[in-house]
Structure formats: structure tokens, C-alpha cells
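Have a look at the structure below before the remarks.
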2 protein chains.
Amino acid sequence: MASGGRLNPESDNFENRPTFYIGQHDSNRFEPLTEEQYNQVLNSGFRFVTAPITNEHFFKRVVDLHREYLQEREQWAREHGISDSQSTNPSLPGPVVPTLTDKDTSLGPCHYIGSLVCYSSPWIDLCSADPHISSISRQVLNLEAAYANFCGARTIVVPGPRQDESGRGIAQYARAIKEVMQVASRTNIVVHMPMYREPGLEENLETLSDIFGPEKGPEANAKKEIDLFSAWDSWNAIRSVCNYSMRLLLALRIPRRVPEKSLQERWFAEPLHFLTIGQAIFQLNRAGHPSLSRHHQDMINRYMRLRNVPWLVLCDVGPSPEELAALSDKLTSEFPTLAEASQALGDSRRPQSLALNAHVGYMRYLERQQPPFSAMESPALTSFQDWLQPPLQPLADNLESATYEVFEGDPVKYDQYEKAITEAMTEWRELKKPTSSATPENPSNPELIVTVAGAGRGPLVTRVLRAAERTGTPIQLWAVEKNQDAYVYLLRKNQTEWANQVTVVKTDMRGWEGPRLRGREDIIAKVDILVTELLGSFGDNELSPECLDGIQHHIARPHGISIPHSYTAHLSPISTPRLFADISSRVVGDPNAFETPWVVRLFAIDYVSQNVPGHPRFQQAWEFVHPVEINRADDFAAKHGKAVRYATAGVGSMSGSSGTNEHNARHCHLTFVCPTRGVIHGLAGFFESVLYSSQTGAGKEPVEISILPNQIDRKSKDMISWFPIFFPLKKPLYFPQDTELEVSMWRQTDDTRVWYEWLVEVYAWVEPNTRIKVGASELHSSRKVACLM
Amino acid sequence: MASGGRLNPESDNFENRPTFYIGQHDSNRFEPLTEEQYNQVLNSGFRFVTAPITNEHFFKRVVDLHREYLQEREQWAREHGISDSQSTNPSLPGPVVPTLTDKDTSLGPCHYIGSLVCYSSPWIDLCSADPHISSISRQVLNLEAAYANFCGARTIVVPGPRQDESGRGIAQYARAIKEVMQVASRTNIVVHMPMYREPGLEENLETLSDIFGPEKGPEANAKKEIDLFSAWDSWNAIRSVCNYSMRLLLALRIPRRVPEKSLQERWFAEPLHFLTIGQAIFQLNRAGHPSLSRHHQDMINRYMRLRNVPWLVLCDVGPSPEELAALSDKLTSEFPTLAEASQALGDSRRPQSLALNAHVGYMRYLERQQPPFSAMESPALTSFQDWLQPPLQPLADNLESATYEVFEGDPVKYDQYEKAITEAMTEWRELKKPTSSATPENPSNPELIVTVAGAGRGPLVTRVLRAAERTGTPIQLWAVEKNQDAYVYLLRKNQTEWANQVTVVKTDMRGWEGPRLRGREDIIAKVDILVTELLGSFGDNELSPECLDGIQHHIARPHGISIPHSYTAHLSPISTPRLFADISSRVVGDPNAFETPWVVRLFAIDYVSQNVPGHPRFQQAWEFVHPVEINRADDFAAKHGKAVRYATAGVGSMSGSSGTNEHNARHCHLTFVCPTRGVIHGLAGFFESVLYSSQTGAGKEPVEISILPNQIDRKSKDMISWFPIFFPLKKPLYFPQDTELEVSMWRQTDDTRVWYEWLVEVYAWVEPNTRIKVGASELHSSRKVACLM
């Protein structure tokens, strides 16, 4: 019981596919567009454009500054008779970039600044091994970002780190980004990264390192084995240093060759603000129009399903600077007065129009070709994507009617329950099992005693009645409910809908005295079929085992059955930067946020482990079966007279407790296999349940429900009652390639509460026979937010 | 300027070597000693004994309980016609250990309970792969610990995890220890670990796993390659799960074969409460007396130098249970009344004495053979071991007289200064360099202009005067001091000790107008020799570069010199669980505790990196040289007229600043090599300084001071003015074998403050040519506790 929210695909807000928001970037543009040019670009079909913050004048000044410094250093070395081979000289400080002047930038405050995506200078090299070049680069970036921030820009794109074989420069790059986020405190910083470092497709722009560095031989461009995850790795290092700031976003460069699915999914989980598509990515179709390959289309379609739909930036696909230049003479000032600006705006309503850009036209076509939203993608459901909900405390709290209504709105779940009840009743009669309703007067009474425990507003009662009617099974039906308000509702429903067929009892099921036979109320019988719906996202996390323990002594032995018959909990480690950032932001107000199992509709996540034989992506943690053979102390003591073993159990089971719930403790140790490197932020949890499994076993499929991503469609398609559960880690846990993630999880109890504890260890295979430990998480515990029994 | 504290090796508390505190453990003892037996053991030379918490009766009950459960499960499986191959059966809960009765334990509250070291049952196996055995083991441990805690025990020893090839059981073990620390909330929990898993020397006691597990074939004992660090690795996992609790300690089993130094040092840094020495570790010397090898002696001597001296536990070296049994009939009750107890105590004053135990006698001999404490091991200095001191703010705060006095108490430092000043004066005259004291009237005045800036209470003034006298150099001497209280003291000293030879000026050196020539006060001259003592533990961390920048425009060019001439900062990654635990405990009151560079006399630490060519254990981060050629904006502008380049520097250098201090920013990227696995908690920082280096360079050694552990004895032996600096990491960073630790560090400035930022990345070599990233720390920054300029 977890999801909440209602489906209404017919509502006004329901759009049938994602919208493309398309912008334009020109790498030959050295000045921001004038307002008129800007309007022209909008008229050719784009919705936004990029603007460089500084111009060539500034670039030349910076180059001259460094050249002058180098000359000075050379002269100093000559005067002191030493060689100038070192890149630094502690006696001779490096250059400091002077402040910007109006000659260095054409950007300024204007009414459409919020629509401009500012581009910092691509010729800087923050990772340079030359400390003066990296220092100058950092100064340039800070100057530009501070100025753009002053002008009111909302977004600044920064070129990603240059390819760096050793990875040594990434720390410098990351630190510089962290600093610029302080300098430009109101803007988003967007790092422009390739999906992977595709040979020949890296930006060819010359940076300061190229200008001042040694000439590169042809071997510099020699082909190496492509390391698909190195670009992601750099990004991970950068945002880790920036503490997963919500203002740090990604512009992802679409490559010419679409990479394997695992890399696509890795980026899917990251904060994609832009997808940038270069001119070279487009092919010409037979009619000579630009188009994208099927692989590109699929990948873009996938990314467009994100809740925050990424914006598309088309690079160098026109209108060209020349085309625009012809239109650039009208505005007399780069900082127009308000009057001029408004006049310009007037002009723009009757623009000297350019034709719709061919590439934009194609993208609009793709937009229409996207598969429409499915029922599961209705806005009501997508609004829950990656939205953290605290877990319910159904035993300690009483639910409200609206909450019940949400749960009742899922027909799939109740259909499966009805099917299970129907099969159980049918089989009961087929096997001619005795019922518990026999009395001395009526020793062969065939009425089945059925109880719905935790009946809520009665959806399962209705299904039991329907199953009995359909199978022609005479029943005596009890509905047990602890919530006094729901009890009133049940009584009313019994009169209005159920023809008084139901005996409604207000009690916690654990304190119920059992069914008093109809007509012979002095006799307390046993229950033949007990029906409950107490499952949580992780199966046992809303204390179904403890509740059923408290009522199962009423189940008839040996034939009585529980629906559900059993349930299993399942885990998979996931990468989810978004949830990590979200939980981090909650820690101030909620110190237990990282030790809380959250209910969440996981969406922008990456399942980092792979399916390999013996180690599937989703692994079972443990199982509960009902009824258990022996459970509570009193039950066991009464039946076996072995009071010592259970009734006086020591503190051994858990601190201070007497161990009566110890049999519901669980432990698992699972191994997940990750061929590629990555980072995990926690464990995704799911459940499956066998509601009823044929006791004849004659080839009949059990009736099941499942929220496992790889099982739900087969076992309970479109069931929306449960979202997954998420067990977070306090610190992201990085792992190299060829890793095994070892997950230890415990279900713990002290007789009054139930909680989970979890721990992840990382082992890497370094040789065929050698596995080394490379890291581990803390031991996490939800004891402080435990479920009360 | 950092250490503080005074040396007084003659004080009453000064003992000349560490004391051995020796206890006794008997692995065949199943009952705690009676009071009389206890006294007997004390009489044979021991100071404490161990006591088992439960007895054989309890052991047999637990074994029976599990056996009964297995039979029940087998029967269940037979009845249900299924195989009992699974270790768990969700339908049939496992056993719960019953509470203790008086038959299960002979331990009880008694007046000497605080002197007993309680031993939990060695037959449990918390790591067992059989979930019922691990569960029973955990329950037994909790029962025992709770009872010992109730009785008033202070210390409970728990057997360490059994050898576990896969390492999978360690998480279970660690979690159980964390739980037992909650159960026994007032006792210390001591985990008994071997230094390494020495074949044939593991404890041979049978555990539940052996009793119920499959028979072990001979291959189980087959020799494998010894993994020296696996026991430490298990310990590290356990205490990490327990969050470095101060109540979690170690009993370290001394092995038969002393391992390599790197492993000894690893344990040296851990919280060693006991060293346990088995009977088999002793050899018989020629006279037939027990003795230890030289390697064992050295290792024990080393461990005995710890500030918290570990206690020694001799195992199975007598008096034997039989010897004691003969004496055990006197006490009539295991829980004596107060009267009986006091009578027993009376008895114990006239004990039936045993001879001094031969092994104890030998250990007492070793105690006397220890090398006596050196001057550096005086209690006044050892009390500073691993004691965190917040860094000074000498620019922002004025120091007190007592602090100056501490600094002045270090003759080594001032001797080196005097030597440097002497050499500088001598060479000045040898090279016939012109002085700045020339005036129109006296164009060849040979008086050297010397200034002590930041003179404090004047120790350097005294040394300058002494050097001038010794070398026969005529000088004009200025003492500049910003602290008005120290200024008063300087004026008095000038009258009483310096014969008014000194011109004392009260000013911040950065605002000093310069030296007015004696007799021609209208003329402001330049300084020939500037002497300062502004260095911190990391060299530049008390803003020596910034202070000297502010005064260096008074230095005569080109001949004027600064003493010190240059200084370098050095780093080494270290493991220091103790400091990590200490800083963790401060975070509540001091949220910046993990981003503060602490001054600390590092002692119980392990330098994890090795000296290899190109990557020494101690590496230089950066260097400062004085005077710099170009420094501050005004200076540069005045000299070169290039105002644009410096004076109007932008925000580029640092957020919001104008970049005038940018030339004092630094960055380094260092690679440390670690052949064995381990964990680091931060970076140890040191400095070296060249006070004066001959300008003729004719084979003369420079005059230096150094606090580098591998240089201090050569360059400035017994200098105590500076302790190292420690840059902590928020989370311990684990690394596997064959690792390179890449340290990035920055010295940052925004023109008003100076701070450090640091980051550590871990790369492991997995094949001769492949290095993979396996982890990284956060980026740490001391900006919030920055040094104010």
C-alpha cells in the first residue's frame, strides 16, 4: 500500500507526447546576437539561442598577457643564469587576468537575457598541467560567469574537461567548477560533456594549452581503445566535488555512433538539461533532407521521457553568421534604451522572416513521431516519478478514507485477489477438505469460514462474496478492522451492499477472539480462509508477518490457508543522483533521511548490475510463508509444552527483548555483478507475492502479484498500488569495472518494532582468481524510524 | 610556532620507562576464579585475570537446543515430503536461546568485578554461513554481555571473527558487535584479533559451526599463501561498522613469527588495549627459563611506548586450574555476603602464597630492559601525543607572554637563526656588498640595516646583536612589532639588555614606513637583512608569505636578503584511527572540525605510503621564496608602470577579490605509493626552511630547519617548536593493495583570507599497465576557518 494519486488520462493537462524545445548554437559566433538577429533565429523555428560571454578582443588580451609573462620569465632566468625549464618559478608570480572592459564583451543586461544560454569561452583549459594556464583559465571562467550572473543570465554552459589520459586534471577542473558556482551564485552551471570520447569528434577548438604547448605530433591523435565510461567518470568526479548541487547540470553531446544501452541508461539517470546535436550527427536522406538514424531517434525518444524533458541544442546548422549579418545593422546600440528595445520588439512582430530551418523541421517531425504516452505515463503518475514518500505506519496510524480510495482504485490487485480466492474455494471443494463450521448439531456443515482481516473499507469483502457466489460456495464471512472510522463504513456497507452477510468486528486482528459460529455464538470456530492485504513495497515492511502471527492461531489446522500464501523481498543496487541530492537536501530537517526506507516511483535511475548466471539484476532477499508452523511463544507453548524454549527466551535475540518476534528476523547476503564502473546511491526494493498456489500442484500456475520490473507485466500488468522502496546510502559508493557489489541486509526486531539494516561492500576482480576489496558503505539502520508493532 | 608545553624531565612524574601491567588468561578455565583463587593468582605476580561469563552447563544447553531444532526440521521435512537441504525454512522458525539461569554462570557482582576481564564464550561463531548458528551465536553474545554489564564488568573480550576466506561473514560479525555495544552499554568491548592469520596458530577451540558443520577434510588445513593484512582488514571493517566507537578496543594476539615492520606499524596506530601472549610464543633459554626472541622484545618495547600503554595478557602459563583447585574449597558461596567477602579479603592478606610465576618474572625482567625515556619522551611532551590543537591566528590575534615564552624555550631553532644571521653578515662583508645606510654626508657608511619584523619579546633581536658582535659587523637594528603589549616589553628590554641599540617600532609590519636612518631621521633607507619568524607547521600556514609581501618593498635591491630565504610544505597520507574518532566526536560542537587543519604531535599513526623511486613517503607540495621579484599591485605598478596587469586585476582570481594575493596561491598534485592495503584518515603536513643559503655557493651547506620526520635529526635535531599539521578527511578512505594515492591540494586566497583545499583519489594497479580508480574523498576546504590576512 504505497502509491497514492489517481489516474485521469482524459484530464485537460494530458498531452499525448513530450514537447521538443529546440535551441541553436553556433561555434563560430563570437558576439551575442543583436535583438533583431535573435528574433530572426526564433523565426526560423528555434526557441532559444546561445550567446558567448566574451569576444575575440578579450581572447587576444589574455593570450598577450601570458605571452608577456613567459618573456619576462625567460629574461629573469637569463639574468639569473638558470634554465627556464620549470613551469613555475616561486620567485616570479604568474599573471593575473585584468578585469573585463566594455571592449571585451558585447553581452549586457537586456529583456531577453533570461532566454539566452550563455557560453563561456571554449578556449580555456581548466585541467592544464601548466599551472599558469590552468590558473588563467580559472580566472577567465570566473570573470565571465560573474559578468553573466550580473547581467541576469540563468544558465552558463562551460566546456567539459579536455581528454585527460591520466585523469589528473579532473580534480582541478572540478574544483574550478565548484568555485565558479560560488562566483555565479544565481545561475545554473551546465557542463558540456560528450556521451563518450568519440575519436575525431572531440571539439577541435584550440585552447590556451594548444597555443602555448608543444606541437602535437601525429601520435597525439593515434587511435586508442575507446573507454566508453571515461566521460561519465569525469562528470561523476566533478559533481561529487560539487556535492551534487542542484544548480549543476549537464549538456550532453550526442555522438555520431550511438553507444551501447548501458551507457545510454547511465546518462539517463543524470541531470540532463541539454542534449546537443552537432551538424555532423545528421545524415541526408534520399530527398536530401537532414535526418537522424533510427538509433539516434530511439535514444532521443528515451531521454524525452524524463520528467524534466531535456532541451535540444542544434549546433552549427544555421542560420549562419553571414545570413544574420545582413540583418544586423538596424539596432544602433548594443545596450538599447527601453524605447529602442520596445521598438525592436514591435519590429519583431513583423519580422523579415527566414524560412523554417530544415533541421528544426526534421526535429519537429521526430517530435510528432514519438510514441504517445501510455496509461502508466499519465501526468498523475509521472508526477510521482522520483518523488520521495515517507513510509506508512499502518499499524500505529489509522488511514483516512481518501487513502483507502486510492488503494481501491487499482483493479489489477483486487482481480488477482478474487482469482486467488476463487481458486482456493474451488480447490477446497474439489479436495473435499473438511470445514471448521461443523458443530455437534450439524457435524458436516459445509460452510467455509472466511475472514478478511484488516478489511479497511471492504474491497476484499466484496471480492470474497463475489468469488463465493461465482463458485457456489456457502460461506460464513467475518470482516475484522481496527480502524473505528472504517468500521462504521463497513457496517453501513454490510447493510447497503452486502445484504448483512458479513459479521463485522472492530478489533486489532492480533486481539481478535476468533469467529463465533453463526447461530451458535457460544462456539468459537477456526478460520478456513484468511484473506489480508498487509503488504508493503518490500513485502514485509508494513509488518504483515507480525500481524498474521497475531491472528494465525485462528486458522484451522491442517487445512486452513492464508491469502497471501507467501511473499518475497527483492533488491537491486541503483545509481540515482537525483534522489541522493534530494535526500541530502532533507538532512538538515530530518537527520534520519539517509536511514529511512523511502517509497518512491523510481524513474531516472540506472540499474548498475547486469544479469549474469547465478547473479541476476534483481535478487531475492528473503521469504515469508503463512501460516508458519510454530510462531509465537504462547502458541508454541500451548501446543508443544516446551515453554522454556520460547516463553522465557532471553535478551539474546535483541537488546532488552524476550525474542518472541525473533523468528521474523531475516538476513541476506547478495552478490551483484557490475562489468562497467559506476556509482551507487542505494538499493531499490521490490516484492512479489504468491496469493494462492494450488495444493494439488497439477501444473497450475500460482496466482501472483509482483512489482518487480522484470515480472510485473507477466504477473500483474498495470498494477499501480505499489511503488518500489528505496534504501539510500549516506555516501555515494563508487566502484570500478569488473566489480561485485555485496549487499548485506537484515530485518531486525526487538519485539516492539521492526527495522532494516543494510551495508554494501565493493570487491573488484583484478586477475582471474583475485578479488580485492575496494570499499564499503557504512552500516545503515532504520531503527530510529522503525515500524511500530 | 605551534607546539606549546614545557619540558621538565626532572619533575616528580617523570618515570624512566613504561610500566608493564600483566594479567593471566587460562583457556581451560570454565568458571571464574573464586576470590581466594583470584588472590592466589595476584600473589603469583599477575595484576589481573580473565573470567568466563558462562559455563559448560550453558554451552550444553545451547548445543541441545540447536540439535532439537534440527531434529524437528528434519521431521517436518519428512512429513511434508520435501528434502531438508536448505539451511532455512521460512515455515519453521529457528531456535531462540533461553534466558540465563544461575546454573549457566558462576559470575556475579563482587567487589573485584572491576578488575576482572570478562571473556565471552569462544565457541560461538558470529560469522557462520548457517543463519541459525550465526543467530544463536549472536544471542549468546548478547546474553553474556548483558549479564556481565549487569554485574559491573568494565571490559568484555569477544573472540575475533574466524578465518573467512570470502570475507562474507565479516559484515554479520561487525553488525553483531555493534549490537552488543548497545546491549552492554557501559562496558568496553575488546575484540581479540591475531596480528595476522598465522597457519596453525589460530585458536583451535571448537565452535558451533564445527559441532554442527560437515567434517573438515585435510584440505581445510592445507597451507595457503599468508595474507598478512587480512586480519587487520577484518578489524577495520568491524570498527568502521561500529563508527570508530571509543568503547571498541583491541586485544592483539602476538604471533609466533614476528611479521614485517609495516604490519607492526599498522597495529601500532590502532586502539591496543591488550597484547595477548600465548604459552607457545615463549622459548626456553639455556637455563630452561621462558624467554622471548629479540624480534618479540623489540615489538613489545615499541608498543609499550604508546601513550595508553597496552596491558599484557599471558595465556595458559599457569597457575593451572589444578593448582588453583586445591585452594578453592574455602569460600562457601559464589555470591558471598558482604561479611564473607570482607573475611575473604582478610584471608587474602595472609595468602597461601604461590611462587612468582616464571613467565611473569621474565616479563618483569623485560620491563627493566626497556630503553629509558629520551628527552623527547618526557611526560610534558608525550602528553601532547595525538592531542589536537586548533591552529593559531597570529595576524588576527595577539599572543600572550606565556606563548612567547614557550617558543623562546627552544634553543635549537634560535641557534639555527643565529647561525644563518652570522653567515649572512660574514658573507655580506666578504662579497663587499654595499649597504643601504649610505647618506649624502656619509656615502660609504658600512652599517648594515637589519630589521627583525614580528619581534615578539625579542629572542631574534638578541641573536642579531650576538651575531653582529661575533662577526664584528656594525649594524643599525630595528625591531617591528604589532602587539602593543609585547612592544612595552621590547622597550624595556632595549633599555635593560640591549643598551638602547635597537629602534623599536610599534606597527603591523605591512604598514611600516621603513627604517629612518639613525642621525638622519629624515631619510628612509632600505633593509639589508630582514629577519622574521612567521612560519607555521606547514610553512606558509600562518601567512608568512603575505606578511613578507607587505614589508619586502623595504628590502634593498638587489642585495637585500630575507631570513628565512625560502620554505617548502610537505605532505604524507596517514592512518590515524584515534584522531579520526577524536575529530568525529567534536563535530557536534564544531561543524568545521573535519575541515580544520589541526596542529598535533602525531604519534600513534601509520604512514601508509612507501618510499619508492620518484614517489617518496614525504613529498613537497610547494615552495615560497623571499623576496619575490614582483608581488603586490602597488609595488609592481610603481616599478614597472604596468598598472593594468596587476592593479586592476579582475574577479578572476577568486570570487569577489581583485587578485592582489593571487601570486601566493599554490596547487600541487602528488602521487603516493601503497603496496599494502589500508585506510587513510588524512594528510600529515610538515615544513622545511632554508634560513640562509650561501650566495657564493662554494660548497657551503645551507642553514636549515626542518620538522620532516626523516630530516629533522639531520637539520635541526631536538627542535620542538613545531608539531606537524593534520588535514583530516571526513570519511576514512580505504584502499586495496598496489594503490596510488593521488593528493590534490590548493592554497587559496581571496585577498583577505588564506585557506587550504584538499582531495585524495585512490587508483589501484590491476595489471602491469592498467590503473583503475577505486575511490575518492570529498573536496575538503578550510575556508570557514581560514587564516585572516
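Following the order of the C-alpha cells, chains are lettered A, B, ..., residues in each are numbered from 1, and ligands are numbered from 1.
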
Extract the full set of alpha helix (DSSP H) residues from stretch 431-586 of chain A according to DSSP on the backbone, and format it as a PyMOL selection string.
-> chain A and resi 459-471+484-496+544-551+577-586

List the spatial neighbours of A:Pro768 as a PDB file with all heavy atoms, in the first residue's frame - criterion: any atom at most 12 Å away, only C-alpha atoms, same-chain residues fewer than 4 positions off excluded.
ATOM      1  N   ASP A 738      34.375  -4.481 -13.573  1.00  0.00           N
ATOM      2  CA  ASP A 738      34.512  -5.866 -13.090  1.00  0.00           C
ATOM      3  C   ASP A 738      34.384  -5.958 -11.577  1.00  0.00           C
ATOM      4  O   ASP A 738      35.243  -6.477 -10.883  1.00  0.00           O
ATOM      5  CB  ASP A 738      35.856  -6.471 -13.525  1.00  0.00           C
ATOM      6  CG  ASP A 738      35.885  -6.687 -15.022  1.00  0.00           C
ATOM      7  OD1 ASP A 738      34.828  -7.041 -15.577  1.00  0.00           O
ATOM      8  OD2 ASP A 738      36.940  -6.477 -15.636  1.00  0.00           O
ATOM      9  N   ALA A 764      36.533  -5.860  -6.381  1.00  0.00           N
ATOM     10  CA  ALA A 764      36.859  -5.809  -7.814  1.00  0.00           C
ATOM     11  C   ALA A 764      37.719  -7.018  -8.171  1.00  0.00           C
ATOM     12  O   ALA A 764      38.593  -7.427  -7.400  1.00  0.00           O
ATOM     13  CB  ALA A 764      37.615  -4.516  -8.138  1.00  0.00           C
ATOM     14  N   ILE A 772      39.659  -8.158  -4.954  1.00  0.00           N
ATOM     15  CA  ILE A 772      40.121  -7.318  -3.849  1.00  0.00           C
ATOM     16  C   ILE A 772      38.983  -6.413  -3.391  1.00  0.00           C
ATOM     17  O   ILE A 772      38.135  -6.006  -4.172  1.00  0.00           O
ATOM     18  CB  ILE A 772      41.332  -6.441  -4.237  1.00  0.00           C
ATOM     19  CG1 ILE A 772      40.989  -5.544  -5.436  1.00  0.00           C
ATOM     20  CG2 ILE A 772      42.554  -7.293  -4.530  1.00  0.00           C
ATOM     21  CD1 ILE A 772      42.052  -4.514  -5.747  1.00  0.00           C
TER      22      ILE A 772
ATOM     23  N   VAL B 766      45.817  -2.942 -11.479  1.00  0.00           N
ATOM     24  CA  VAL B 766      45.216  -4.266 -11.545  1.00  0.00           C
ATOM     25  C   VAL B 766      45.939  -5.151 -12.540  1.00  0.00           C
ATOM     26  O   VAL B 766      45.860  -6.355 -12.483  1.00  0.00           O
ATOM     27  CB  VAL B 766      43.723  -4.190 -11.894  1.00  0.00           C
ATOM     28  CG1 VAL B 766      42.981  -3.496 -10.765  1.00  0.00           C
ATOM     29  CG2 VAL B 766      43.491  -3.472 -13.207  1.00  0.00           C
ATOM     30  N   GLU B 767      46.662  -4.540 -13.461  1.00  0.00           N
ATOM     31  CA  GLU B 767      47.530  -5.284 -14.359  1.00  0.00           C
ATOM     32  C   GLU B 767      48.736  -4.386 -14.549  1.00  0.00           C
ATOM     33  O   GLU B 767      48.683  -3.209 -14.213  1.00  0.00           O
ATOM     34  CB  GLU B 767      46.836  -5.507 -15.711  1.00  0.00           C
ATOM     35  CG  GLU B 767      45.762  -6.589 -15.680  1.00  0.00           C
ATOM     36  CD  GLU B 767      44.886  -6.488 -16.920  1.00  0.00           C
ATOM     37  OE1 GLU B 767      45.427  -6.238 -18.013  1.00  0.00           O
ATOM     38  OE2 GLU B 767      43.668  -6.636 -16.783  1.00  0.00           O
TER      39      GLU B 767
END

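Between atom CA of A:Gly539 and atom CA of A:Leu477 there is a distance of 25.9 Å.
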
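Comparing B:Asn28, B:Gln369, B:Gln182, B:Gln297 by their smallest distance to chain A, the closest is B:Gln182 (using only C-alpha atoms).
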
Name the residues in contact with stretch 304-308 of chain A at a cut-off of 7 Å, using only C-alpha atoms, excluding same-chain residues fewer than 6 positions from it; report them as an MDAnalysis selection string.
-> chainID A and resid 18 382 604

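Using only C-alpha atoms, the contacts of A:His359 at a cut-off of 9 Å, with sequence neighbours closer than 2 positions omitted, comprise Gln279, Phe282, His289, Pro290, Ser291, Leu314, Val317, Gly318, Leu356, Asn357, Gly361, Tyr362, Met363 and Arg364 of chain A.
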